[in-house]
Amino acid sequence: MLVRLLYASHSATHVTAEIVESILGQSRKHNPQLGITGILCQSGDTFMQVLEGGRTAVNLLYNDIVRDPRHKNVVILHYEEVAQRQFAGWTMGQVNLAKVNPSTLLKYAETTTLDPYSMSGLASMALLEELIATAQIVGRSS
């Protein structure tokens, strides 16, 4: 059974480009063997990430993230069973918010700053779907 989990978290430390690359590298290395795909969206010290795959694998990975001391304020925004993956082409894609038109964020959020804690899970998923449609996600694996 496939599931999709969307969560938000804050970094416990200041986020640098090296930290983001390390997260993406680790995800791209380990996710294929777990059957997990998804995308990572980061702005400042805030992360929003979608994980897709088998229910057990996704839940175990999410639990690891919750226990990871590099994360704080980890919150599930959306969780659902799905018939097919939406992010199948990404072992872990990345959204570069610096290149996203601020009006795109304003369609789904109160401000032009990514704050998934103030957005509904459905609005967050809709934002990510639009970012896919407008090719704002990098790191496609296929």
# chains A, B, ... in the order shown; residues from 1 in each chain; ligands from 1
>>> residues_around(residues="stretch 36-46 of chain A", least_positions_apart="6", cutoff="9 Å", atoms="only C-alpha atoms", output="PyMOL selection string")
chain A and resi 4+8-16+20+24+27-28+30+52-54+57-58+85-98+113-116+128+137
>>> select_by_dssp(residues="chain A", states="alpha helix (DSSP H)", output="number ranges by chain")
A: 17-34, 55-67, 102-108, 121-133
>>> select_by_dssp(residues="chain A", states="strand (DSSP E)", output="PyMOL selection string")
chain A and resi 2-11+37-43+46-54+71-82+93-96+137-138
>>> residues_around(residues="A:Leu5", least_positions_apart="2", cutoff="8 Å", atoms="only C-alpha atoms", output="MDAnalysis selection string")
chainID A and resid 3 7 50:52 58 76:80
>>> closest_residue(among="A:Gln26, A:Val66, A:Gln33, A:Leu6", to="A:Ser120", atoms="only C-alpha atoms")
A:Leu6
>>> atom_distance(atom1="atom CA of A:Thr56", atom2="atom CA of A:Leu34")
9.8 Å
>>> atom_distance(atom1="atom CA of A:Glu130", atom2="atom CA of A:Leu105")
10.0 Å
